[in-house]
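Chemist: Here you go, entry08.csv (CSV, C-alpha atoms):
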```csv
chain,number,residue,atom,x,y,z
A,30,MET,CA,-23.5,-29.6,8.1
A,31,THR,CA,-26.2,-29.6,10.7
A,32,ASP,CA,-24.6,-27.9,13.6
A,33,PHE,CA,-21.4,-26.0,14.6
A,34,LYS,CA,-19.5,-29.2,15.4
A,35,ASP,CA,-19.8,-30.3,11.8
A,36,ILE,CA,-18.5,-26.9,10.7
A,37,GLN,CA,-15.6,-27.2,13.2
A,38,ALA,CA,-14.8,-30.7,12.0
A,39,LEU,CA,-14.7,-29.5,8.4
A,40,TRP,CA,-12.5,-26.5,9.3
A,41,ASN,CA,-10.0,-28.9,11.0
A,42,GLN,CA,-9.8,-31.0,7.9
A,43,GLN,CA,-8.2,-28.3,5.9
A,44,PRO,CA,-4.7,-29.2,4.7
A,45,ASN,CA,-1.7,-27.3,6.0
A,46,ALA,CA,-0.1,-25.3,3.2
A,47,ASP,CA,3.7,-24.9,2.9
A,48,GLN,CA,5.3,-21.5,3.2
A,49,PRO,CA,5.7,-20.0,-0.2
A,50,GLN,CA,8.7,-17.9,0.9
A,51,ALA,CA,11.5,-18.3,3.4
A,52,ALA,CA,11.5,-16.1,6.5
A,53,GLY,CA,14.5,-14.2,5.2
A,54,ALA,CA,12.6,-13.2,2.1
A,55,ILE,CA,9.7,-11.9,4.2
A,56,ILE,CA,12.2,-9.9,6.3
A,57,ALA,CA,13.7,-8.4,3.1
A,58,ARG,CA,10.3,-7.5,1.8
A,59,ALA,CA,9.3,-5.9,5.1
A,60,GLU,CA,12.5,-3.8,5.1
A,61,THR,CA,12.1,-2.7,1.5
A,62,SER,CA,8.5,-1.8,2.1
A,63,ASN,CA,9.5,0.3,5.2
A,64,LYS,CA,12.3,2.1,3.2
A,65,ARG,CA,10.0,2.7,0.2
A,66,LEU,CA,7.3,4.3,2.4
A,67,LEU,CA,9.9,6.6,4.1
A,68,ALA,CA,11.5,7.4,0.8
A,69,THR,CA,8.1,8.4,-0.7
A,70,HIS,CA,7.4,10.6,2.3
A,71,ARG,CA,10.8,12.3,2.2
A,72,GLY,CA,10.7,12.6,-1.6
A,73,THR,CA,7.3,14.4,-1.5
A,74,ILE,CA,8.4,16.8,1.3
A,75,GLY,CA,11.8,17.3,-0.4
A,76,THR,CA,10.2,18.2,-3.8
A,77,LEU,CA,7.7,20.6,-2.2
A,78,SER,CA,10.5,22.2,-0.1
A,79,ALA,CA,12.7,22.6,-3.2
A,80,THR,CA,9.8,24.3,-5.0
A,81,VAL,CA,9.2,26.7,-2.1
A,82,LEU,CA,12.9,27.5,-2.0
A,83,LEU,CA,13.0,28.1,-5.8
A,84,LEU,CA,10.0,30.4,-5.7
A,85,ALA,CA,11.5,32.3,-2.7
A,86,VAL,CA,14.9,32.7,-4.4
A,87,TYR,CA,13.3,33.8,-7.6
A,88,PHE,CA,11.2,36.5,-6.0
A,89,TRP,CA,14.2,37.6,-4.0
A,90,VAL,CA,16.9,37.6,-6.7
A,91,TYR,CA,14.7,39.3,-9.4
A,92,GLY,CA,13.7,42.1,-6.9
A,93,THR,CA,10.1,41.7,-7.7
A,94,THR,CA,9.3,42.0,-4.0
A,95,THR,CA,8.9,45.7,-4.5
A,96,ASN,CA,5.7,45.1,-6.6
A,97,PRO,CA,2.9,44.4,-4.1
A,98,THR,CA,0.8,42.3,-6.6
A,99,VAL,CA,3.8,40.1,-7.5
A,100,LEU,CA,4.7,39.8,-3.9
A,101,ALA,CA,1.2,38.8,-2.9
A,102,GLY,CA,1.0,36.3,-5.8
A,103,GLY,CA,4.4,34.8,-4.9
A,104,LEU,CA,3.5,34.6,-1.2
A,105,LEU,CA,0.2,32.9,-1.9
A,106,MET,CA,2.0,30.2,-3.9
A,107,VAL,CA,4.7,29.8,-1.3
A,108,VAL,CA,2.1,29.6,1.6
A,109,SER,CA,0.0,27.0,-0.3
A,110,LEU,CA,3.1,24.8,-0.7
A,111,LEU,CA,4.0,25.2,3.0
A,112,VAL,CA,0.4,24.2,3.9
A,113,ARG,CA,0.9,21.1,1.7
A,114,ILE,CA,4.2,20.3,3.4
A,115,GLY,CA,2.5,20.5,6.8
A,116,VAL,CA,-0.3,18.3,5.7
A,117,GLU,CA,2.1,15.6,4.4
A,118,TYR,CA,4.0,15.7,7.6
A,119,ILE,CA,0.9,15.4,9.8
A,120,SER,CA,-0.6,12.7,7.6
A,121,TYR,CA,2.6,10.6,7.8
A,122,ARG,CA,2.9,11.0,11.6
A,123,ARG,CA,-0.8,10.0,12.1
A,124,PHE,CA,-0.3,7.0,9.9
A,125,ALA,CA,2.7,5.8,11.8
A,126,ARG,CA,0.6,6.0,15.0
A,127,ILE,CA,-1.6,3.2,13.8
A,128,LYS,CA,-0.5,0.1,15.8
A,129,LEU,CA,-1.4,-3.2,14.3
A,130,ASN,CA,-0.3,-5.1,17.4
A,131,THR,CA,-3.1,-3.7,19.5
A,132,ASP,CA,-6.5,-5.2,19.9
A,133,LEU,CA,-9.0,-4.8,17.1
A,134,ARG,CA,-11.1,-2.2,18.8
A,135,THR,CA,-8.1,0.1,19.5
A,136,CYS,CA,-6.8,-0.4,16.0
A,137,LEU,CA,-10.2,0.5,14.5
A,138,GLU,CA,-10.2,3.7,16.7
A,139,GLN,CA,-6.8,4.7,15.5
A,140,THR,CA,-7.5,4.0,11.9
A,141,LYS,CA,-10.8,5.9,12.1
A,142,ALA,CA,-9.0,8.9,13.7
A,143,PHE,CA,-6.4,8.8,10.9
A,144,HIS,CA,-9.0,8.7,8.1
A,145,ARG,CA,-11.1,11.4,9.8
A,146,VAL,CA,-8.0,13.7,9.7
A,147,ARG,CA,-7.4,12.7,6.1
A,148,GLN,CA,-11.0,13.7,5.3
A,149,GLN,CA,-10.6,17.0,7.0
A,150,ILE,CA,-7.4,17.6,5.0
A,151,GLN,CA,-9.3,16.7,1.8
A,152,PHE,CA,-12.2,19.0,2.6
A,153,ILE,CA,-10.4,22.0,4.1
A,154,ALA,CA,-6.6,22.0,3.7
A,155,THR,CA,-6.4,20.8,0.1
A,156,PRO,CA,-9.0,23.2,-1.4
A,157,LEU,CA,-7.4,26.1,0.6
A,158,SER,CA,-4.0,25.2,-0.5
A,159,LEU,CA,-5.0,24.7,-4.1
A,160,GLY,CA,-7.1,27.8,-4.2
A,161,SER,CA,-4.3,29.9,-2.7
A,162,TYR,CA,-1.9,28.5,-5.3
A,163,VAL,CA,-4.2,29.2,-8.2
A,164,TRP,CA,-5.0,32.7,-6.9
A,165,GLY,CA,-1.3,33.5,-6.6
A,166,PHE,CA,-0.8,32.2,-10.1
A,167,ILE,CA,-3.6,34.3,-11.5
A,168,LEU,CA,-2.2,37.4,-9.8
A,169,LEU,CA,1.1,36.8,-11.5
A,170,LEU,CA,-0.4,36.1,-15.0
A,171,PRO,CA,-0.2,39.7,-16.3
A,172,TYR,CA,3.5,39.8,-15.4
A,173,ILE,CA,4.2,36.5,-16.9
A,174,LYS,CA,2.4,37.7,-20.1
A,175,ALA,CA,4.7,40.7,-20.2
A,176,GLY,CA,7.8,38.6,-19.7
A,177,VAL,CA,7.3,35.7,-22.2
A,178,SER,CA,6.3,35.3,-25.8
A,179,GLU,CA,2.5,35.1,-26.6
A,180,GLY,CA,2.8,31.4,-27.6
A,181,PHE,CA,4.5,30.4,-24.4
A,182,TYR,CA,2.0,32.4,-22.4
A,183,TRP,CA,-0.9,30.5,-23.9
A,184,TYR,CA,1.0,27.3,-23.3
A,185,ILE,CA,1.5,28.1,-19.6
A,186,LEU,CA,-2.2,29.1,-19.3
A,187,PHE,CA,-3.6,26.0,-21.0
A,188,SER,CA,-1.2,23.5,-19.3
A,189,GLY,CA,-2.0,25.2,-16.0
A,190,ALA,CA,-5.8,24.8,-16.5
A,191,PHE,CA,-5.3,21.2,-17.7
A,192,PHE,CA,-3.2,20.4,-14.6
A,193,LEU,CA,-5.8,22.0,-12.4
A,194,LEU,CA,-8.6,20.0,-13.9
A,195,ILE,CA,-6.7,16.7,-13.5
A,196,LEU,CA,-5.9,17.6,-9.9
A,197,CYS,CA,-9.6,18.3,-9.2
A,198,VAL,CA,-10.6,14.9,-10.5
A,199,ILE,CA,-7.9,13.2,-8.4
A,200,ILE,CA,-9.0,15.1,-5.3
A,201,TYR,CA,-12.7,14.3,-5.9
A,202,ARG,CA,-11.8,10.6,-6.3
A,203,GLN,CA,-9.7,10.6,-3.1
A,204,ILE,CA,-12.5,12.3,-1.1
A,205,ARG,CA,-15.0,9.8,-2.4
A,206,SER,CA,-12.9,6.7,-1.5
A,207,GLU,CA,-11.9,8.3,1.9
A,208,MET,CA,-15.6,8.8,2.7
A,209,ARG,CA,-16.5,5.2,1.7
A,210,LEU,CA,-13.6,3.9,3.8
A,211,LEU,CA,-14.5,5.9,6.8
A,212,ALA,CA,-18.1,4.7,6.6
A,213,GLN,CA,-16.9,1.1,6.4
A,214,LEU,CA,-14.6,1.6,9.4
A,215,LYS,CA,-17.4,3.2,11.4
A,216,GLU,CA,-19.7,0.3,10.6
A,217,SER,CA,-17.1,-2.3,11.6
A,218,TYR,CA,-16.6,-0.4,14.9
A,219,ALA,CA,-20.3,-0.2,15.6
A,220,THR,CA,-20.8,-3.8,14.8
A,221,LEU,CA,-18.0,-4.9,17.0
A,222,LEU,CA,-19.4,-3.1,20.0
A,223,ALA,CA,-23.1,-3.8,19.3
A,224,ASN,CA,-24.8,-6.2,21.8
B,3,MET,CA,13.6,-6.9,24.0
B,4,PRO,CA,12.7,-6.8,20.3
B,5,LEU,CA,12.1,-9.9,18.3
B,6,GLN,CA,15.3,-11.4,16.9
B,7,GLU,CA,15.7,-12.8,13.4
B,8,GLU,CA,16.0,-16.4,14.8
B,9,GLN,CA,12.8,-16.0,16.9
B,10,PHE,CA,11.0,-14.5,13.8
B,11,THR,CA,12.0,-17.5,11.7
B,12,GLN,CA,10.7,-19.8,14.4
B,13,ILE,CA,7.3,-17.9,14.6
B,14,TYR,CA,7.0,-17.9,10.9
B,15,SER,CA,7.6,-21.6,10.4
B,16,THR,CA,5.4,-22.5,13.4
B,17,HIS,CA,2.4,-20.2,12.7
B,18,PHE,CA,2.3,-19.6,8.9
B,19,ALA,CA,-0.2,-22.4,8.2
B,20,LYS,CA,-2.6,-21.2,10.9
B,21,VAL,CA,-2.3,-17.6,9.8
B,22,LEU,CA,-2.9,-18.6,6.2
B,23,ARG,CA,-6.0,-20.6,7.2
B,24,LEU,CA,-7.5,-17.6,8.9
B,25,CYS,CA,-6.7,-15.4,6.0
B,26,LYS,CA,-8.2,-17.9,3.6
B,27,GLY,CA,-11.4,-18.0,5.7
B,28,TYR,CA,-11.5,-14.2,5.6
B,29,VAL,CA,-11.2,-13.8,1.8
B,30,ASN,CA,-13.7,-16.5,0.8
B,31,GLY,CA,-11.1,-19.2,0.2
B,32,ASP,CA,-9.1,-17.4,-2.4
B,33,GLY,CA,-5.6,-19.0,-2.0
B,34,VAL,CA,-3.7,-16.3,-3.9
B,35,ILE,CA,-5.2,-13.4,-1.9
B,36,ALA,CA,-4.9,-15.3,1.3
B,37,THR,CA,-1.2,-16.1,0.7
B,38,ASP,CA,-0.5,-12.5,-0.1
B,39,LEU,CA,-2.4,-11.4,3.1
B,40,ALA,CA,-0.6,-14.0,5.3
B,41,GLN,CA,2.8,-12.8,4.0
B,42,GLU,CA,1.7,-9.2,4.7
B,43,VAL,CA,0.9,-10.3,8.3
B,44,PHE,CA,4.5,-11.6,8.7
B,45,MET,CA,5.9,-8.5,7.2
B,46,LYS,CA,4.0,-6.4,9.8
B,47,VAL,CA,5.2,-8.8,12.5
B,48,TRP,CA,8.8,-8.0,11.5
B,49,GLN,CA,8.0,-4.2,11.2
B,50,HIS,CA,6.5,-4.2,14.7
B,51,ARG,CA,9.2,-6.4,16.2
B,52,ALA,CA,10.5,-3.7,18.5
B,53,GLU,CA,7.1,-3.5,20.2
B,54,PHE,CA,7.1,-7.2,21.1
B,55,ARG,CA,7.3,-7.9,24.8
B,56,GLU,CA,8.8,-11.2,25.9
B,57,ASP,CA,6.2,-11.7,28.6
B,58,ALA,CA,3.4,-11.5,26.1
B,59,SER,CA,2.0,-14.5,24.3
B,60,VAL,CA,3.4,-14.8,20.8
B,61,THR,CA,0.1,-16.4,19.6
B,62,THR,CA,-2.1,-13.6,20.9
B,63,TRP,CA,0.3,-11.0,19.5
B,64,LEU,CA,0.4,-12.7,16.1
B,65,TYR,CA,-3.4,-13.1,16.0
B,66,LYS,CA,-3.8,-9.4,16.9
B,67,ILE,CA,-1.7,-8.4,13.9
B,68,THR,CA,-3.5,-11.0,11.7
B,69,VAL,CA,-6.9,-9.8,12.6
B,70,ASN,CA,-6.0,-6.1,12.2
B,71,THR,CA,-4.3,-6.7,8.9
B,72,CYS,CA,-7.3,-8.6,7.6
B,73,LEU,CA,-9.8,-6.0,8.6
B,74,LEU,CA,-7.7,-3.1,7.3
B,75,ARG,CA,-7.3,-4.9,4.1
B,76,LEU,CA,-10.5,-3.1,3.1
B,77,ARG,CA,-8.2,-0.2,2.4
B,78,LYS,CA,-7.3,-2.2,-0.7
B,79,ALA,CA,-10.3,-2.6,-3.0
B,80,ALA,CA,-8.9,-5.9,-4.4
B,81,THR,CA,-10.4,-7.9,-1.5
B,82,SER,CA,-14.0,-6.9,-2.1
B,83,LYS,CA,-14.8,-9.9,-4.2
B,84,GLU,CA,-18.4,-10.8,-4.8
B,85,ILE,CA,-19.5,-14.3,-4.0
B,86,GLN,CA,-21.6,-16.3,-6.5
B,87,THR,CA,-23.7,-18.1,-3.9
B,88,ASP,CA,-26.0,-19.5,-6.6
B,89,SER,CA,-23.1,-21.4,-8.1
B,90,LEU,CA,-22.4,-23.4,-4.9
B,91,PRO,CA,-22.9,-27.1,-5.0
B,92,ASP,CA,-26.1,-28.5,-3.7
B,93,ARG,CA,-24.7,-31.7,-2.3
B,94,ALA,CA,-21.3,-33.2,-1.7
B,95,ASP,CA,-20.1,-36.7,-2.0
B,96,GLU,CA,-18.3,-37.6,1.2
B,97,ASN,CA,-15.7,-39.8,-0.4
B,98,ASP,CA,-14.8,-37.6,-3.3
B,99,GLU,CA,-11.8,-35.3,-2.9
B,100,SER,CA,-13.3,-32.6,-5.1
B,101,ALA,CA,-16.5,-32.9,-3.1
B,102,THR,CA,-14.6,-32.1,0.0
B,103,GLU,CA,-13.1,-29.1,-1.7
B,104,GLU,CA,-16.6,-28.1,-2.7
B,105,ARG,CA,-17.6,-28.4,1.0
B,106,PHE,CA,-14.7,-26.2,1.9
B,107,GLN,CA,-15.9,-23.6,-0.6
B,108,GLN,CA,-19.4,-23.8,0.8
B,109,LEU,CA,-17.9,-23.2,4.3
B,110,TYR,CA,-15.8,-20.2,3.0
B,111,ALA,CA,-18.8,-18.8,1.2
B,112,GLY,CA,-20.9,-19.0,4.4
B,113,ILE,CA,-18.2,-17.3,6.5
B,114,TYR,CA,-17.7,-14.6,3.8
B,115,GLN,CA,-21.4,-13.6,4.1
B,116,LEU,CA,-20.9,-12.6,7.7
B,117,ASP,CA,-19.9,-9.0,8.4
B,118,SER,CA,-16.1,-8.5,8.6
B,119,THR,CA,-15.9,-8.4,12.5
B,120,ALA,CA,-18.2,-11.4,12.9
B,121,ARG,CA,-16.1,-13.2,10.3
B,122,LEU,CA,-12.9,-12.6,12.2
B,123,ILE,CA,-14.4,-13.6,15.5
B,124,ILE,CA,-15.7,-16.9,14.2
B,125,LEU,CA,-12.4,-17.6,12.5
B,126,LEU,CA,-10.7,-17.3,15.8
B,127,VAL,CA,-13.2,-19.6,17.3
B,128,LEU,CA,-12.7,-22.1,14.5
B,129,ASP,CA,-8.9,-21.9,15.1
B,130,GLY,CA,-9.5,-23.1,18.6
B,131,LEU,CA,-8.7,-20.0,20.6
B,132,SER,CA,-10.2,-19.6,24.1
B,133,TYR,CA,-12.9,-16.9,24.7
B,134,GLU,CA,-10.5,-15.1,27.0
B,135,GLU,CA,-7.8,-14.9,24.2
B,136,ILE,CA,-10.4,-13.8,21.6
B,137,ALA,CA,-11.7,-11.1,23.9
B,138,GLY,CA,-8.2,-9.8,24.3
B,139,ILE,CA,-7.5,-9.9,20.6
B,140,VAL,CA,-10.7,-8.0,19.6
B,141,GLY,CA,-10.8,-5.7,22.6
B,142,ILE,CA,-14.3,-6.4,24.0
B,143,SER,CA,-15.5,-8.0,27.2
B,144,GLU,CA,-15.8,-11.8,27.5
B,145,SER,CA,-19.5,-11.6,28.3
B,146,LEU,CA,-20.3,-9.5,25.2
B,147,LEU,CA,-18.1,-11.9,23.2
B,148,ARG,CA,-20.0,-14.9,24.4
B,149,VAL,CA,-23.3,-13.4,23.2
B,150,LYS,CA,-21.8,-12.5,19.9
B,151,ILE,CA,-20.3,-15.9,19.3
B,152,HIS,CA,-23.6,-17.6,20.0
B,153,ARG,CA,-25.4,-15.4,17.5
B,154,ILE,CA,-22.6,-15.7,14.9
B,155,LYS,CA,-22.7,-19.6,15.1
B,156,LYS,CA,-26.4,-19.6,14.6
B,157,ARG,CA,-26.2,-17.3,11.6
B,158,LEU,CA,-23.3,-19.2,10.1
B,159,ILE,CA,-25.2,-22.5,10.3
B,160,LYS,CA,-28.2,-20.8,8.6
B,161,LEU,CA,-26.0,-19.3,5.9
B,162,ILE,CA,-24.3,-22.6,5.1
B,163,HIS,CA,-27.6,-24.4,4.9
B,164,SER,CA,-29.2,-21.8,2.6
```
Is it possible to express this structure as structure tokens?

Modeler:
Amino acid sequence: MTDFKDIQALWNQQPNADQPQAAGAIIARAETSNKRLLATHRGTIGTLSATVLLLAVYFWVYGTTTNPTVLAGGLLMVVSLLVRIGVEYISYRRFARIKLNTDLRTCLEQTKAFHRVRQQIQFIATPLSLGSYVWGFILLLPYIKAGVSEGFYWYILFSGAFFLLILCVIIYRQIRSEMRLLAQLKESYATLLAN
Amino acid sequence: MPLQEEQFTQIYSTHFAKVLRLCKGYVNGDGVIATDLAQEVFMKVWQHRAEFREDASVTTWLYKITVNTCLLRLRKAATSKEIQTDSLPDRADENDESATEERFQQLYAGIYQLDSTARLIILLVLDGLSYEEIAGIVGISESLLRVKIHRIKKRLIKLIHS
């Protein structure tokens, strides 16, 4: 291959492959994928909302709202979950705004904006939400200890710490991959516009 | 008016081979990943059917989705496959079928060594699109595109030779 004409000639020699699936099957997959994405989004928001409701009802029914420490602990946990619901909603909306049928430059701009928001969420909203939840939980610990057996108390404590550790690892990995992705997107955008 | 099922079927049967070829060029000739990617493109076409305008060119619209889907594929780590350039054949026998396949691999490997945006631009050139169409698909001016294509072609020739 000495010049571009040879490359072009070779490219044109490629055999045309058959379609592995019928158009109907592609439509069905596209519909399923859409429904799955929406179901996941609704499921997450539904689960978080149910937890908020459960916590609110618990504090209301058992009349613990008269104790300021318990009230503060409960509120911190509820607020952290509300922040998480907000984040889920914003993230989904931003993702839906990415249009694949625009030109590459616009699509890159939209995707960069989405991942920049995701990065801010991971750096600011997630630690705030998690910290607030843990703080609320710690405030409630003496009351939990008084209300349950010692064995169950230690179980709650250790499983909580373990859950927190796992969550921190997941968040760290997400931040790392988000940063890598954003850097790649920025590089692609800069290369596209470079003279 | 959104794209109807009949129109989609027509687009799918007419353009699948071209989309697959572009995807194959983008993922270093890997047939399995390319097929998966091409199917993903047509899934996106169906999902975005409501935004299709009858006055727009189907080809340009389809290529926009293809190019964006390929580039955003970097969201899935599976595509980042390393190329073993040292295992490429030194010479190919023109009459041998396997030799032609090896030449294709050599071509894919050369294209794969370009950065992702350059790769997409040259694939559109190889697919025979006009500069005006490519400029519309990637969203840059035609004059800038011309400069880029000139450089990409030179680099690709060098890469394939090395």

Chemist: Per residue of chain B within 7 Å of chain A, record the nearest atom pair and its distance in Å to one decimal, counting only C-alpha atoms, with rows in chain order and ascending residue number, as a tab-separated table.

Modeler:
```
residue	atom	partner	partner_atom	distance
B:Thr11	CA	A:Ala52	CA	5.4
B:Tyr14	CA	A:Ala52	CA	6.5
B:Phe18	CA	A:Gln48	CA	6.7
B:Ala19	CA	A:Asn45	CA	5.6
B:Gln41	CA	A:Ile55	CA	7.0
B:Phe44	CA	A:Ile55	CA	6.9
B:Met45	CA	A:Ala59	CA	4.8
B:Trp48	CA	A:Ile56	CA	6.5
B:Gln49	CA	A:Ala59	CA	6.5
B:Trp63	CA	A:Asn130	CA	6.3
B:Lys66	CA	A:Asn130	CA	5.6
B:Ile67	CA	A:Asn130	CA	5.0
B:Asn70	CA	A:Leu129	CA	5.8
B:Arg77	CA	A:Leu210	CA	6.9
B:Ser118	CA	A:Ser217	CA	7.0
B:Thr119	CA	A:Leu221	CA	6.1
B:Leu128	CA	A:Gln37	CA	6.0
B:Gly138	CA	A:Asp132	CA	6.6
B:Ile139	CA	A:Asp132	CA	4.9
B:Val140	CA	A:Leu133	CA	4.4
B:Gly141	CA	A:Asp132	CA	5.1
B:Leu146	CA	A:Asn224	CA	6.5
B:Lys155	CA	A:Phe33	CA	6.5
B:Ile159	CA	A:Asp32	CA	6.4
```

Chemist: List as a PyMOL selection string the protein and nucleic acid residues near range 189-195 of chain A, meaning an atom at most 12 Å away when all atoms listed in the file are counted, but skip any in the same chain fewer than 3 places from it.

Modeler: chain A and resi 156+159-160+162-163+166-167+170+181-186+198-202

Chemist: Using only C-alpha atoms, please write the residues we just selected to a file, as a compact mmCIF listing (two decimals), keeping the file's coordinate frame.

Modeler:
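Wrote again_25.txt, looks like this:
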```txt
# COMPACT_ATOMS: atom_id res chain seq x y z
CA PRO A 156 -9.00 23.20 -1.40
CA LEU A 159 -5.00 24.70 -4.10
CA GLY A 160 -7.10 27.80 -4.20
CA TYR A 162 -1.90 28.50 -5.30
CA VAL A 163 -4.20 29.20 -8.20
CA PHE A 166 -0.80 32.20 -10.10
CA ILE A 167 -3.60 34.30 -11.50
CA LEU A 170 -0.40 36.10 -15.00
CA PHE A 181 4.50 30.40 -24.40
CA TYR A 182 2.00 32.40 -22.40
CA TRP A 183 -0.90 30.50 -23.90
CA TYR A 184 1.00 27.30 -23.30
CA ILE A 185 1.50 28.10 -19.60
CA LEU A 186 -2.20 29.10 -19.30
CA VAL A 198 -10.60 14.90 -10.50
CA ILE A 199 -7.90 13.20 -8.40
CA ILE A 200 -9.00 15.10 -5.30
CA TYR A 201 -12.70 14.30 -5.90
CA ARG A 202 -11.80 10.60 -6.30
```

Chemist: Provide the CA of Leu77 in chain A to CA of Phe143 in chain A distance in Å, to one decimal place.

Modeler: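 These atoms are spaced 22.6 Å apart.
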
Chemist: Go through B:Leu24, B:Arg75, B:Phe10, B:Ala40 and flag the residue nearest Ala52 in chain B, using only C-alpha atoms for the distances.

Modeler: B:Phe10

Chemist: Hey, which of B:Cys72, B:Ala101, B:Val60, B:Ile13 ends up closest to Thr37 in chain B? Count all atoms listed in the file.

Modeler: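 Among B:Cys72, B:Ala101, B:Val60, B:Ile13, it is B:Cys72 that comes nearest to Thr37 in chain B.
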
Chemist: Anything within 12 Å of (7.5, 8.6, 4.6): list those residues as a ChimeraX atom specification, counting all atoms listed in the file and sticking to the file's coordinates.

Modeler: /A:62-75,117-125
